[in-house]
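Next up, final_27.cif (mmCIF, C-alpha atoms):
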data_target
#
loop_
_atom_site.label_atom_id
_atom_site.label_comp_id
_atom_site.auth_asym_id
_atom_site.auth_seq_id
_atom_site.Cartn_x
_atom_site.Cartn_y
_atom_site.Cartn_z
CA MET A 1 0.00 0.00 0.00
CA LYS A 2 0.98 3.61 -0.48
CA ILE A 3 -0.23 7.01 0.71
CA LYS A 4 -1.52 9.00 -2.25
CA LYS A 5 0.62 11.93 -3.27
CA GLY A 6 -0.44 15.27 -1.82
CA PHE A 7 -1.86 14.19 1.54
CA VAL A 8 -0.01 15.51 4.57
CA LEU A 9 -0.40 15.22 8.33
CA ARG A 10 -0.83 18.60 10.02
CA GLU A 11 -1.48 19.84 13.49
CA VAL A 12 -4.44 22.21 13.40
CA CYS A 13 -5.44 23.98 16.60
CA GLY A 14 -3.87 21.21 18.65
CA GLU A 15 -5.56 18.39 16.72
CA LYS A 16 -3.92 16.11 14.19
CA VAL A 17 -5.54 16.08 10.75
CA ILE A 18 -4.81 14.81 7.28
CA VAL A 19 -5.09 17.55 4.67
CA GLY A 20 -4.96 17.46 0.88
CA GLU A 21 -2.28 19.94 -0.20
CA GLY A 22 -0.91 18.42 -3.39
CA LEU A 23 -1.86 19.00 -7.00
CA GLU A 24 -3.58 15.65 -7.05
CA THR A 25 -5.63 16.42 -3.94
CA ILE A 26 -6.29 20.13 -4.40
CA ASN A 27 -10.04 19.59 -4.70
CA PHE A 28 -10.23 17.09 -1.83
CA GLY A 29 -11.70 19.86 0.29
CA LYS A 30 -11.93 18.11 3.64
CA LEU A 31 -9.93 17.49 6.76
CA ILE A 32 -9.67 14.06 8.30
CA SER A 33 -9.18 14.05 12.06
CA VAL A 34 -6.86 11.36 13.36
CA ASN A 35 -5.95 10.24 16.89
CA ASP A 36 -2.36 9.92 18.14
CA THR A 37 -2.08 6.24 17.20
CA ALA A 38 -3.31 6.83 13.67
CA ALA A 39 -0.97 9.83 13.37
CA THR A 40 2.00 7.68 14.42
CA LEU A 41 1.08 5.04 11.86
CA TRP A 42 0.57 7.68 9.17
CA GLN A 43 4.07 9.00 9.82
CA LYS A 44 5.48 5.49 9.68
CA ALA A 45 3.64 4.83 6.40
CA THR A 46 5.03 8.11 5.00
CA GLU A 47 8.58 7.07 5.93
CA LEU A 48 8.17 3.62 4.42
CA GLY A 49 6.65 4.80 1.13
CA ASP A 50 5.40 1.36 0.08
CA PHE A 51 4.08 -0.27 3.23
CA THR A 52 2.32 -3.42 4.37
CA ILE A 53 -0.12 -4.06 7.21
CA GLU A 54 2.55 -6.21 8.88
CA GLN A 55 5.09 -3.38 8.86
CA LEU A 56 2.65 -0.93 10.45
CA ALA A 57 1.63 -3.55 13.02
CA ASP A 58 5.31 -3.96 13.94
CA ALA A 59 5.58 -0.20 14.42
CA LEU A 60 2.47 -0.22 16.59
CA VAL A 61 3.83 -2.98 18.83
CA GLU A 62 7.05 -1.00 19.27
CA VAL A 63 5.32 2.16 20.47
CA TYR A 64 2.25 0.89 22.31
CA GLU A 65 1.70 -2.04 24.62
CA VAL A 66 -0.46 -4.19 22.40
CA SER A 67 -0.21 -7.78 21.27
CA ARG A 68 0.87 -8.37 17.70
CA GLU A 69 -2.49 -9.95 16.98
CA GLN A 70 -4.33 -6.90 18.28
CA ALA A 71 -1.97 -4.60 16.36
CA LEU A 72 -2.60 -6.46 13.08
CA ASN A 73 -6.32 -6.21 13.70
CA ASP A 74 -6.17 -2.46 14.45
CA VAL A 75 -3.96 -1.66 11.46
CA GLU A 76 -6.22 -3.63 9.16
CA LYS A 77 -9.24 -1.63 10.31
CA LEU A 78 -7.38 1.67 10.05
CA THR A 79 -5.99 1.08 6.57
CA ALA A 80 -9.45 -0.01 5.41
CA LYS A 81 -10.74 3.36 6.63
CA TRP A 82 -7.94 5.23 4.85
CA LYS A 83 -8.68 3.32 1.67
CA GLU A 84 -12.37 4.16 1.90
CA ALA A 85 -11.52 7.85 2.42
CA GLY A 86 -9.32 7.75 -0.69
CA LEU A 87 -6.10 8.51 1.19
CA ILE A 88 -4.16 5.39 0.10
CA ASP A 89 -3.83 3.12 -2.92
CA MET B 1 14.43 53.30 -15.66
CA LYS B 2 10.98 54.26 -14.46
CA GLU B 3 9.73 52.31 -11.45
CA ILE B 4 6.59 52.59 -9.38
CA TYR B 5 6.35 51.42 -5.79
CA TYR B 6 3.14 50.13 -4.29
CA LYS B 7 2.30 49.36 -0.68
CA VAL B 8 -0.46 46.80 -0.06
CA ALA B 9 -1.12 45.60 3.49
CA ASP B 10 2.18 47.27 4.50
CA HIS B 11 4.14 45.13 2.02
CA VAL B 12 5.99 47.20 -0.60
CA PHE B 13 6.60 45.94 -4.13
CA ALA B 14 8.08 47.58 -7.22
CA LEU B 15 6.88 47.58 -10.80
CA GLU B 16 9.65 48.27 -13.32
CA LEU B 17 8.04 49.80 -16.39
CA GLY B 18 11.02 49.77 -18.77
CA ASN B 19 9.74 51.00 -22.14
CA ASN B 20 6.15 50.60 -20.99
CA GLU B 21 5.62 53.89 -19.18
CA THR B 22 2.12 54.27 -20.60
CA ALA B 23 1.12 51.09 -18.74
CA VAL B 24 0.34 53.29 -15.72
CA LEU B 25 -2.65 54.63 -17.62
CA ASN B 26 -4.16 51.15 -17.38
CA LEU B 27 -3.30 50.83 -13.68
CA ARG B 28 -5.40 53.65 -12.20
CA GLN B 29 -6.86 51.33 -9.57
CA TYR B 30 -3.35 51.05 -8.06
CA ASP B 31 -3.05 54.83 -7.54
CA PRO B 32 -4.25 54.79 -3.90
CA PHE B 33 -1.45 52.32 -3.13
CA VAL B 34 1.50 54.26 -4.60
CA THR B 35 4.27 54.77 -2.06
CA ASP B 36 7.82 56.18 -1.83
CA PRO B 37 10.72 54.26 -3.38
CA THR B 38 12.59 52.02 -0.95
CA GLU B 39 15.31 49.39 -1.07
CA ASN B 40 13.37 47.00 1.10
CA VAL B 41 10.79 45.45 -1.21
CA LEU B 42 8.81 42.24 -1.12
CA PHE B 43 9.40 41.67 -4.85
CA ARG B 44 10.26 43.44 -8.08
CA MET B 45 8.23 42.85 -11.20
CA GLN B 46 9.48 43.83 -14.64
CA LEU B 47 7.09 44.59 -17.50
CA LEU B 48 8.47 43.13 -20.72
CA SER B 49 7.97 44.72 -24.15
CA GLU B 50 8.34 41.50 -26.12
CA PRO B 51 6.41 38.25 -25.63
CA LEU B 52 8.18 35.33 -23.96
CA SER B 53 8.67 32.06 -25.79
CA LEU B 54 6.46 29.46 -24.13
CA ASP B 55 8.01 26.44 -25.89
CA ASP B 56 9.52 25.17 -22.63
CA PHE B 57 6.27 25.41 -20.66
CA THR B 58 5.25 22.37 -18.64
CA GLN B 59 1.71 22.52 -17.25
CA GLU B 60 1.02 21.36 -13.69
CA TRP B 61 -2.47 22.58 -13.15
CA ARG B 62 -5.36 24.48 -14.69
CA GLN B 63 -7.85 26.59 -12.77
CA ASP B 64 -11.16 27.62 -14.35
CA ASP B 65 -13.39 30.41 -13.12
CA GLU B 66 -16.22 32.23 -14.96
CA GLY B 67 -14.76 32.74 -18.43
CA GLN B 68 -11.21 32.95 -17.12
CA HIS B 69 -8.60 30.28 -16.75
CA ILE B 70 -5.06 30.06 -15.44
CA LEU B 71 -2.40 27.58 -16.51
CA VAL B 72 0.11 26.93 -13.75
CA GLY B 73 3.45 25.25 -14.37
CA HIS B 74 7.08 25.85 -15.14
CA LEU B 75 8.91 27.67 -17.93
CA GLY B 76 12.17 25.74 -17.94
CA GLU B 77 12.96 25.67 -14.21
CA GLU B 78 11.00 28.78 -13.21
CA PRO B 79 7.42 28.87 -11.88
CA CYS B 80 5.16 30.24 -14.61
CA TYR B 81 1.52 31.34 -14.81
CA GLN B 82 -0.52 32.05 -17.94
CA PHE B 83 -3.70 34.07 -17.59
CA PHE B 84 -6.52 33.65 -20.09
CA HIS B 85 -9.73 35.62 -20.60
CA HIS B 86 -12.28 33.89 -22.84
CA ASN B 87 -9.52 31.56 -24.05
CA GLN B 88 -7.31 34.47 -25.10
CA LEU B 89 -3.85 34.67 -23.52
CA LYS B 90 -3.70 38.04 -21.73
CA GLY B 91 -0.64 37.73 -19.53
CA VAL B 92 2.36 35.59 -18.65
CA LEU B 93 4.13 35.66 -15.29
CA VAL B 94 7.53 34.05 -14.72
CA CYS B 95 8.86 34.03 -11.13
CA HIS B 96 12.55 34.01 -10.19
CA THR B 97 14.76 33.62 -7.13
CA ASP B 98 12.31 32.34 -4.58
CA TYR B 99 9.54 34.76 -5.66
CA LYS B 100 11.68 37.88 -5.17
CA TYR B 101 11.66 38.85 -8.87
CA ALA B 102 9.22 38.35 -11.72
CA ASP B 103 8.88 39.07 -15.41
CA VAL B 104 5.50 39.84 -16.90
CA TYR B 105 4.37 40.14 -20.46
CA ALA B 106 0.87 41.44 -21.13
CA GLU B 107 0.02 42.42 -24.68
CA ASN B 108 -0.55 46.20 -24.92
CA ASN B 109 -0.01 46.27 -21.14
CA ASN B 110 -3.61 45.15 -20.69
CA LEU B 111 -4.96 45.47 -17.16
CA PHE B 112 -6.30 41.91 -16.96
CA GLY B 113 -2.85 40.41 -17.55
CA ILE B 114 -0.88 42.75 -15.30
CA ASN B 115 -3.53 42.61 -12.58
CA ASN B 116 -3.60 38.83 -12.37
CA ALA B 117 0.19 38.61 -12.44
CA MET B 118 0.55 41.17 -9.66
CA MET B 119 -2.10 39.51 -7.50
CA VAL B 120 -0.61 36.02 -7.88
CA MET B 121 2.89 37.33 -7.24
CA PHE B 122 1.70 39.12 -4.09
CA ALA B 123 0.13 35.89 -2.78
CA LEU B 124 3.27 33.87 -3.56
CA ALA B 125 5.72 36.38 -2.07
CA THR B 126 3.73 36.85 1.16
CA ALA B 127 2.85 33.18 1.80
CA ASP B 128 5.59 32.81 4.43
CA LYS B 129 4.96 36.22 6.01
CA HIS B 130 1.80 35.60 8.06
CA THR B 131 -0.13 37.24 5.25
CA ALA B 132 -3.03 35.80 3.29
CA LEU B 133 -4.80 37.03 0.16
CA PHE B 134 -8.42 36.04 0.70
CA HIS B 135 -11.29 35.38 -1.63
CA SER B 136 -13.82 37.36 0.34
CA SER B 137 -16.12 40.36 0.43
CA VAL B 138 -15.43 42.58 3.43
CA VAL B 139 -17.20 45.47 5.13
CA SER B 140 -16.27 47.75 8.01
CA TYR B 141 -18.63 48.37 10.91
CA GLU B 142 -17.92 50.25 14.17
CA GLY B 143 -14.18 50.29 13.40
CA LYS B 144 -13.79 46.58 12.64
CA ALA B 145 -13.69 44.46 9.49
CA TYR B 146 -16.24 41.69 8.85
CA MET B 147 -15.25 39.23 6.16
CA PHE B 148 -17.73 37.07 4.22
CA LEU B 149 -16.42 33.79 2.80
CA GLY B 150 -17.89 31.13 0.52
CA GLU B 151 -17.48 29.52 -2.86
CA SER B 152 -18.02 31.58 -6.01
CA GLY B 153 -21.73 32.23 -6.45
CA THR B 154 -22.64 31.78 -2.77
CA GLY B 155 -23.53 35.44 -2.35
CA LYS B 156 -20.59 37.07 -0.55
CA SER B 157 -21.07 40.38 -2.40
CA THR B 158 -24.82 40.12 -1.96
CA HIS B 159 -24.42 39.74 1.80
CA SER B 160 -22.12 42.78 1.92
CA LYS B 161 -24.77 44.75 0.01
CA LEU B 162 -27.38 43.72 2.59
CA TRP B 163 -25.20 45.09 5.42
CA LEU B 164 -24.66 48.31 3.42
CA LYS B 165 -28.40 48.69 2.93
CA TYR B 166 -29.76 47.69 6.34
CA ILE B 167 -26.94 48.09 8.90
CA GLU B 168 -26.21 51.76 9.50
CA GLY B 169 -22.53 52.68 9.59
CA THR B 170 -21.39 49.88 7.26
CA GLU B 171 -18.90 50.61 4.47
CA LEU B 172 -17.47 48.34 1.78
CA VAL B 173 -13.73 47.71 2.30
CA ASN B 174 -13.12 45.30 -0.60
CA ASP B 175 -15.45 43.06 -2.60
CA ASP B 176 -13.22 40.19 -3.71
CA ASN B 177 -9.56 40.10 -2.61
CA PRO B 178 -8.74 41.64 0.77
CA VAL B 179 -5.48 40.87 2.58
CA VAL B 180 -5.25 39.63 6.16
CA ARG B 181 -2.13 39.89 8.32
CA LEU B 182 -1.21 38.43 11.68
CA LEU B 183 0.86 41.13 13.31
CA ASP B 184 3.73 40.64 15.76
CA ASP B 185 1.60 41.82 18.70
CA GLY B 186 -0.85 38.96 18.01
CA SER B 187 -3.55 41.15 16.50
CA ILE B 188 -5.22 40.40 13.16
CA ARG B 189 -5.64 43.19 10.60
CA VAL B 190 -7.66 43.32 7.36
CA TYR B 191 -6.55 45.51 4.43
CA GLY B 192 -8.18 46.76 1.25
CA SER B 193 -6.25 46.01 -1.95
CA PRO B 194 -6.00 47.04 -5.62
CA TRP B 195 -7.90 43.85 -6.47
CA SER B 196 -11.64 43.73 -5.96
CA GLY B 197 -13.23 41.51 -8.62
CA LYS B 198 -16.07 43.11 -10.55
CA THR B 199 -16.68 45.88 -8.01
CA PRO B 200 -14.37 48.90 -8.37
CA CYS B 201 -13.54 49.29 -4.67
CA TYR B 202 -9.80 49.86 -4.39
CA ARG B 203 -9.47 51.40 -0.95
CA ASN B 204 -6.19 51.76 0.88
CA VAL B 205 -7.70 51.28 4.34
CA SER B 206 -7.28 48.76 7.13
CA TYR B 207 -9.21 47.64 10.19
CA PRO B 208 -8.74 45.16 13.02
CA LEU B 209 -10.60 41.93 12.24
CA GLY B 210 -14.06 41.68 13.78
CA ALA B 211 -15.12 38.28 12.47
CA LEU B 212 -15.05 35.93 9.49
CA VAL B 213 -18.37 34.52 8.33
CA ASP B 214 -18.58 31.51 6.00
CA LEU B 215 -21.82 31.66 3.99
CA SER B 216 -24.15 29.03 2.55
CA GLN B 217 -27.42 29.61 0.75
CA ALA B 218 -30.29 28.12 2.74
CA PRO B 219 -34.09 28.31 3.04
CA LYS B 220 -33.78 30.10 6.39
CA ASN B 221 -31.27 32.23 8.28
CA ALA B 222 -29.20 30.59 11.02
CA ILE B 223 -25.77 31.37 12.45
CA ARG B 224 -23.38 29.31 14.54
CA LYS B 225 -19.80 29.64 15.70
CA LEU B 226 -17.35 27.29 13.96
CA LYS B 227 -15.09 24.96 15.90
CA PRO B 228 -11.37 25.51 15.23
CA LEU B 229 -11.11 22.58 12.78
CA GLU B 230 -14.18 23.73 10.84
CA ALA B 231 -12.76 27.26 10.85
CA TYR B 232 -9.46 25.97 9.45
CA ALA B 233 -11.27 24.17 6.61
CA ALA B 234 -13.31 27.30 5.78
CA LEU B 235 -10.17 29.46 5.78
CA MET B 236 -8.24 27.01 3.64
CA MET B 237 -10.94 27.15 0.96
CA SER B 238 -10.90 30.96 0.96
CA ILE B 239 -7.16 31.64 0.76
CA SER B 240 -5.47 31.64 -2.63
CA GLY B 241 -2.22 29.79 -2.73
CA LYS B 242 0.01 27.26 -4.36
CA ARG B 243 -0.21 24.56 -1.73
CA TRP B 244 1.67 21.96 -3.74
CA ASP B 245 4.83 24.02 -3.33
CA SER B 246 5.75 22.66 0.10
CA ARG B 247 7.50 25.82 1.29
CA LEU B 248 4.44 27.93 0.49
CA ALA B 249 2.10 25.32 1.98
CA GLU B 250 4.04 25.49 5.27
CA GLY B 251 3.58 29.26 5.51
CA LEU B 252 -0.09 29.17 4.56
CA HIS B 253 -0.76 26.42 7.09
CA GLU B 254 0.87 28.48 9.84
CA THR B 255 -1.25 31.53 8.98
CA GLU B 256 -4.47 29.50 8.67
CA ASN B 257 -3.79 27.67 11.92
CA LEU B 258 -3.19 30.89 13.85
CA LEU B 259 -6.32 32.45 12.34
CA ALA B 260 -8.46 29.38 13.07
CA THR B 261 -7.24 29.41 16.67
CA ASN B 262 -7.46 33.14 17.37
CA ALA B 263 -10.11 34.63 15.10
CA SER B 264 -13.86 34.65 15.56
CA VAL B 265 -15.17 32.43 12.72
CA TRP B 266 -18.86 31.74 12.05
CA HIS B 267 -21.09 29.94 9.63
CA LEU B 268 -24.21 31.64 8.33
CA ASP B 269 -26.97 29.79 6.53
CA CYS B 270 -28.69 32.62 4.74
CA LEU B 271 -31.31 34.00 2.44
CA PRO B 272 -30.54 37.16 0.48
CA ASP B 273 -32.70 39.27 2.80
CA GLU B 274 -32.64 41.94 5.52
CA GLU B 275 -33.02 39.39 8.33
CA ALA B 276 -29.81 37.62 7.21
CA ALA B 277 -27.81 40.84 7.61
CA ARG B 278 -29.42 41.64 10.97
CA VAL B 279 -28.97 38.12 12.43
CA CYS B 280 -25.37 38.08 11.26
CA ASN B 281 -24.51 41.59 12.45
CA SER B 282 -26.11 41.31 15.87
CA THR B 283 -24.34 37.99 16.55
CA VAL B 284 -20.82 38.57 15.24
CA LYS B 285 -20.33 42.16 16.41
CA ASN B 286 -20.14 41.02 20.03
CA PRO B 287 -17.20 38.61 20.37
CA ASN B 288 -18.07 37.75 23.98
CA VAL B 289 -21.35 36.11 23.09
CA ASN B 290 -20.96 32.56 21.82
CA ALA B 291 -24.68 31.99 21.48
CA ASN B 292 -26.10 29.70 18.86
CA VAL B 293 -28.86 31.59 17.12
CA ASN B 294 -31.14 29.33 15.16
#
This structure in structure tokens:
Amino acid sequence: MKIKKGFVLREVCGEKVIVGEGLETINFGKLISVNDTAATLWQKATELGDFTIEQLADALVEVYEVSREQALNDVEKLTAKWKEAGLID
Amino acid sequence: MKEIYYKVADHVFALELGNNETAVLNLRQYDPFVTDPTENVLFRMQLLSEPLSLDDFTQEWRQDDEGQHILVGHLGEEPCYQFFHHNQLKGVLVCHTDYKYADVYAENNNLFGINNAMMVMFALATADKHTALFHSSVVSYEGKAYMFLGESGTGKSTHSKLWLKYIEGTELVNDDNPVVRLLDDGSIRVYGSPWSGKTPCYRNVSYPLGALVDLSQAPKNAIRKLKPLEAYAALMMSISGKRWDSRLAEGLHETENLLATNASVWHLDCLPDEEAARVCNSTVKNPNVNANVN
């Protein structure tokens, strides 16, 4: 999977949001609020470029005290949401 | 070489006329903004006498708006904008050195071409200076500026006209492209500009910001205060800018974030009637009342 070009994570008034700022996303026109966990995973996905659910689950286990099984489950749900919102391919 | 200096929102920029001294005859709307020459300018823009070759132009984006369109891209390595009116090329802007210099060619020094180039250049050069060129209609009332936002066709100008007609003491500041600055003391100031869309209102005046009101057409009038995130989204849609240039996006984000946090931002569902102006005015003029009026 890959984050679509043009989406960036920003801190707006103390909250973390994903904003479309690129040419490809200029007409996206909405902000997507994310919690701290999702923001961490977004950053990780940005660093990785091409990423897999397993890689993000590994990152989650490193930062938070969750089982790998739980992490895989959470990442799967989150990436499904991102996909539905058109943020990733 | 003949140069003219303009000051808009306390930013000074220079127009180098070269052999195009008669161009000033087309630029009357800039007269209120003429200022003394100075070394310390935001940018210098040179009017060219000969057209530029556009063979090396690479298009990145096209923006369409009511019989006008803009092609955005690069000419060789330099950012380049082409401004069209009814599919006729009226002006070309090429930016140099981090938006400190620009070349402009506009056939017969036509106002449309020079105007668009100057406005775009101003937005680009101020993006990292806590300054934003808005798409907004703005009025003054009791010493403060009230800015109306919304997509083209929502009725920003119409709402200003309603204030002018029904709210005593209202004056039009700018009808299309005011400038907003966050000043070092934390205050927010709104400035008239030489750009005002179809309404000739080129006033060199400024006021502290009263409130920003995002408008939607609706079957009845209702106003509510926007939460910071909603305010940020409304501001982002109303500020011109080249967000895909990451340096400019950074500056715009900073300005929008500070405005969303510190300014009084509202949403007004409205009809084009007297009640809309009265509901809006009576709510937003008092910043200490956070009431929801439905």
Near-stretch 47-63 of chain B list (9 Å; all atoms listed in the file; drop same-chain fewer than 4 positions) as a short mmCIF file (atom, residue, chain, number, x, y, z; two decimals) with C-alpha atoms, keeping the file's coordinate frame:
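Done, and the output landed in around.cif:
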data_model
loop_
_atom_site.label_atom_id
_atom_site.label_comp_id
_atom_site.auth_asym_id
_atom_site.auth_seq_id
_atom_site.Cartn_x
_atom_site.Cartn_y
_atom_site.Cartn_z
CA LEU A 23 -1.86 19.00 -7.00
CA LEU B 15 6.88 47.58 -10.80
CA GLU B 16 9.65 48.27 -13.32
CA LEU B 17 8.04 49.80 -16.39
CA GLY B 18 11.02 49.77 -18.77
CA ASN B 19 9.74 51.00 -22.14
CA ASN B 20 6.15 50.60 -20.99
CA ALA B 23 1.12 51.09 -18.74
CA GLN B 68 -11.21 32.95 -17.12
CA HIS B 69 -8.60 30.28 -16.75
CA ILE B 70 -5.06 30.06 -15.44
CA LEU B 71 -2.40 27.58 -16.51
CA VAL B 72 0.11 26.93 -13.75
CA GLY B 73 3.45 25.25 -14.37
CA HIS B 74 7.08 25.85 -15.14
CA LEU B 75 8.91 27.67 -17.93
CA GLY B 76 12.17 25.74 -17.94
CA CYS B 80 5.16 30.24 -14.61
CA VAL B 92 2.36 35.59 -18.65
CA ALA B 102 9.22 38.35 -11.72
CA ASP B 103 8.88 39.07 -15.41
CA VAL B 104 5.50 39.84 -16.90
CA TYR B 105 4.37 40.14 -20.46
CA ALA B 106 0.87 41.44 -21.13
CA GLU B 107 0.02 42.42 -24.68
CA ASN B 108 -0.55 46.20 -24.92
CA ASN B 109 -0.01 46.27 -21.14
CA ILE B 114 -0.88 42.75 -15.30
#
Kindly give the distance, in Å, that separates atom CA of B:Thr126 and atom CA of B:Pro37, rounded to a single decimal.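 Value for the atom CA of B:Thr126-atom CA of B:Pro37 distance: 19.3 Å.
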The PyMOL selection byres ((chain B and resi 255) around 10) - which residues does that actually catch in the file I just gave you? List them as an NGL selection string.
:B and (127-132 or 180-182 or 232 or 235-236 or 249-254 or 256-261)
**Q.** Target residues per the PyMOL selection byres ((chain A and resi 85) around 12), formatted as a ChimeraX atom specification
**A.** /A:3-4,7,18-20,28,30-33,78-84,86-89
Closest-contact table, chain B side, partner chain A, 7 Å, counting all atoms listed in the file, as JSON lines:
{"residue": "B:Pro228", "atom": "CA", "partner": "A:Cys13", "partner_atom": "CA", "distance": 6.3}
{"residue": "B:Leu229", "atom": "CA", "partner": "A:Val12", "partner_atom": "CA", "distance": 6.7}
{"residue": "B:Ala233", "atom": "CA", "partner": "A:Lys30", "partner_atom": "CA", "distance": 6.8}
{"residue": "B:Arg243", "atom": "CA", "partner": "A:Glu21", "partner_atom": "CA", "distance": 5.3}
{"residue": "B:Trp244", "atom": "CA", "partner": "A:Gly22", "partner_atom": "CA", "distance": 4.4}
{"residue": "B:Asn257", "atom": "CA", "partner": "A:Val12", "partner_atom": "CA", "distance": 5.7}
{"residue": "B:Thr261", "atom": "CA", "partner": "A:Cys13", "partner_atom": "CA", "distance": 5.7}
Exercise. For B:Gly169, which residue among B:Asn281, B:Gln217, B:Ser157, B:Ser246 is the nearest when counting only C-alpha atoms?
Worked result: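 With only C-alpha atoms as the atom set, the closest residue is B:Asn281.
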Atom CA of B:Leu215 to atom CA of B:Trp266 measures 8.6 Å
Exercise. In Å, rounded to a single decimal, give me how far atom CA of B:Lys156 is from atom CA of B:Lys220.
Key: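 Taking atom CA of B:Lys220 and atom CA of B:Lys156, their separation equals 16.5 Å.
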List the residues matched by the PyMOL selection byres ((chain B and resi 66) around 10) in the displayed structure as a PDB file with C-alpha atoms, in the coordinates of the input, ordered by chain and then by residue number.
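out-v7.pdb, freshly written:
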ATOM      1  CA  ASP B  64     -11.160  27.620 -14.350  1.00  0.00           C
ATOM      2  CA  ASP B  65     -13.390  30.410 -13.120  1.00  0.00           C
ATOM      3  CA  GLY B  67     -14.760  32.740 -18.430  1.00  0.00           C
ATOM      4  CA  GLN B  68     -11.210  32.950 -17.120  1.00  0.00           C
ATOM      5  CA  HIS B  69      -8.600  30.280 -16.750  1.00  0.00           C
ATOM      6  CA  HIS B  85      -9.730  35.620 -20.600  1.00  0.00           C
ATOM      7  CA  HIS B  86     -12.280  33.890 -22.840  1.00  0.00           C
ATOM      8  CA  SER B 152     -18.020  31.580  -6.010  1.00  0.00           C
TER       9      SER B 152
END
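Considering the residues A:Ala38, A:Val66, A:Leu72, A:Leu9 and counting all atoms listed in the file, A:Glu54 has its shortest atom-to-atom contact with A:Leu72.
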**Item:** Among listed residues B:Trp163, B:Phe43, B:Phe134, B:Tyr141, nearest B:Ser193 (using all atoms listed in the file)
**Value:**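 So, comparing all the options, the nearest one is B:Phe134.
Non-sequential neighbours of B:Asn116 (distance at most 10 Å, separation of 2 or more positions within a chain, only C-alpha atoms) are Ile70, Tyr81, Gln82, Phe83, Phe84, Lys90, Gly91, Val92, Leu93, Leu111, Phe112, Gly113, Ile114, Met118, Met119, Val120, Met121, Phe122 and Trp195 of chain B.
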Please write as a ChimeraX atom specification the list of polymer residues whose atoms come within 12 Å of (7.6, 1.2, 14.5), counting only C-alpha atoms and keeping to the coordinates of the file.
/A:37,40-45,47-48,51,53-64,71
Give, as JSON, the centre coordinates and the x, y and z edge lengths in Å to one decimal for an axis-aligned box around all listed atoms of stretch 49-52 of chain A, padded by 5 Å on each side.
{"center_x": 4.5, "center_y": 0.7, "center_z": 2.2, "size_x": 14.3, "size_y": 18.2, "size_z": 14.3}
Report task. Could you tell me which of B:Val284, B:Leu89, B:Val8, B:Leu124 comes closest to B:Arg247 if we count all atoms listed in the file? Result ->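 Closest candidate: B:Leu124.
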Just so I have it separately, write stretch 264-280 of chain B from the block I sent, keeping C-alpha atoms, as an mmCIF file, in the first residue's frame.
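Heads up, here's the output in decode17.cif:
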data_model
loop_
_atom_site.group_PDB
_atom_site.id
_atom_site.type_symbol
_atom_site.label_atom_id
_atom_site.label_comp_id
_atom_site.auth_asym_id
_atom_site.auth_seq_id
_atom_site.Cartn_x
_atom_site.Cartn_y
_atom_site.Cartn_z
ATOM 1 C CA SER B 264 -13.864 34.646 15.558
ATOM 2 C CA VAL B 265 -15.165 32.433 12.715
ATOM 3 C CA TRP B 266 -18.859 31.745 12.054
ATOM 4 C CA HIS B 267 -21.090 29.942 9.625
ATOM 5 C CA LEU B 268 -24.213 31.641 8.329
ATOM 6 C CA ASP B 269 -26.974 29.788 6.530
ATOM 7 C CA CYS B 270 -28.693 32.619 4.744
ATOM 8 C CA LEU B 271 -31.314 33.998 2.443
ATOM 9 C CA PRO B 272 -30.540 37.159 0.477
ATOM 10 C CA ASP B 273 -32.700 39.270 2.802
ATOM 11 C CA GLU B 274 -32.643 41.937 5.517
ATOM 12 C CA GLU B 275 -33.016 39.390 8.325
ATOM 13 C CA ALA B 276 -29.808 37.622 7.214
ATOM 14 C CA ALA B 277 -27.811 40.838 7.606
ATOM 15 C CA ARG B 278 -29.415 41.637 10.971
ATOM 16 C CA VAL B 279 -28.967 38.123 12.426
ATOM 17 C CA CYS B 280 -25.366 38.085 11.264
#
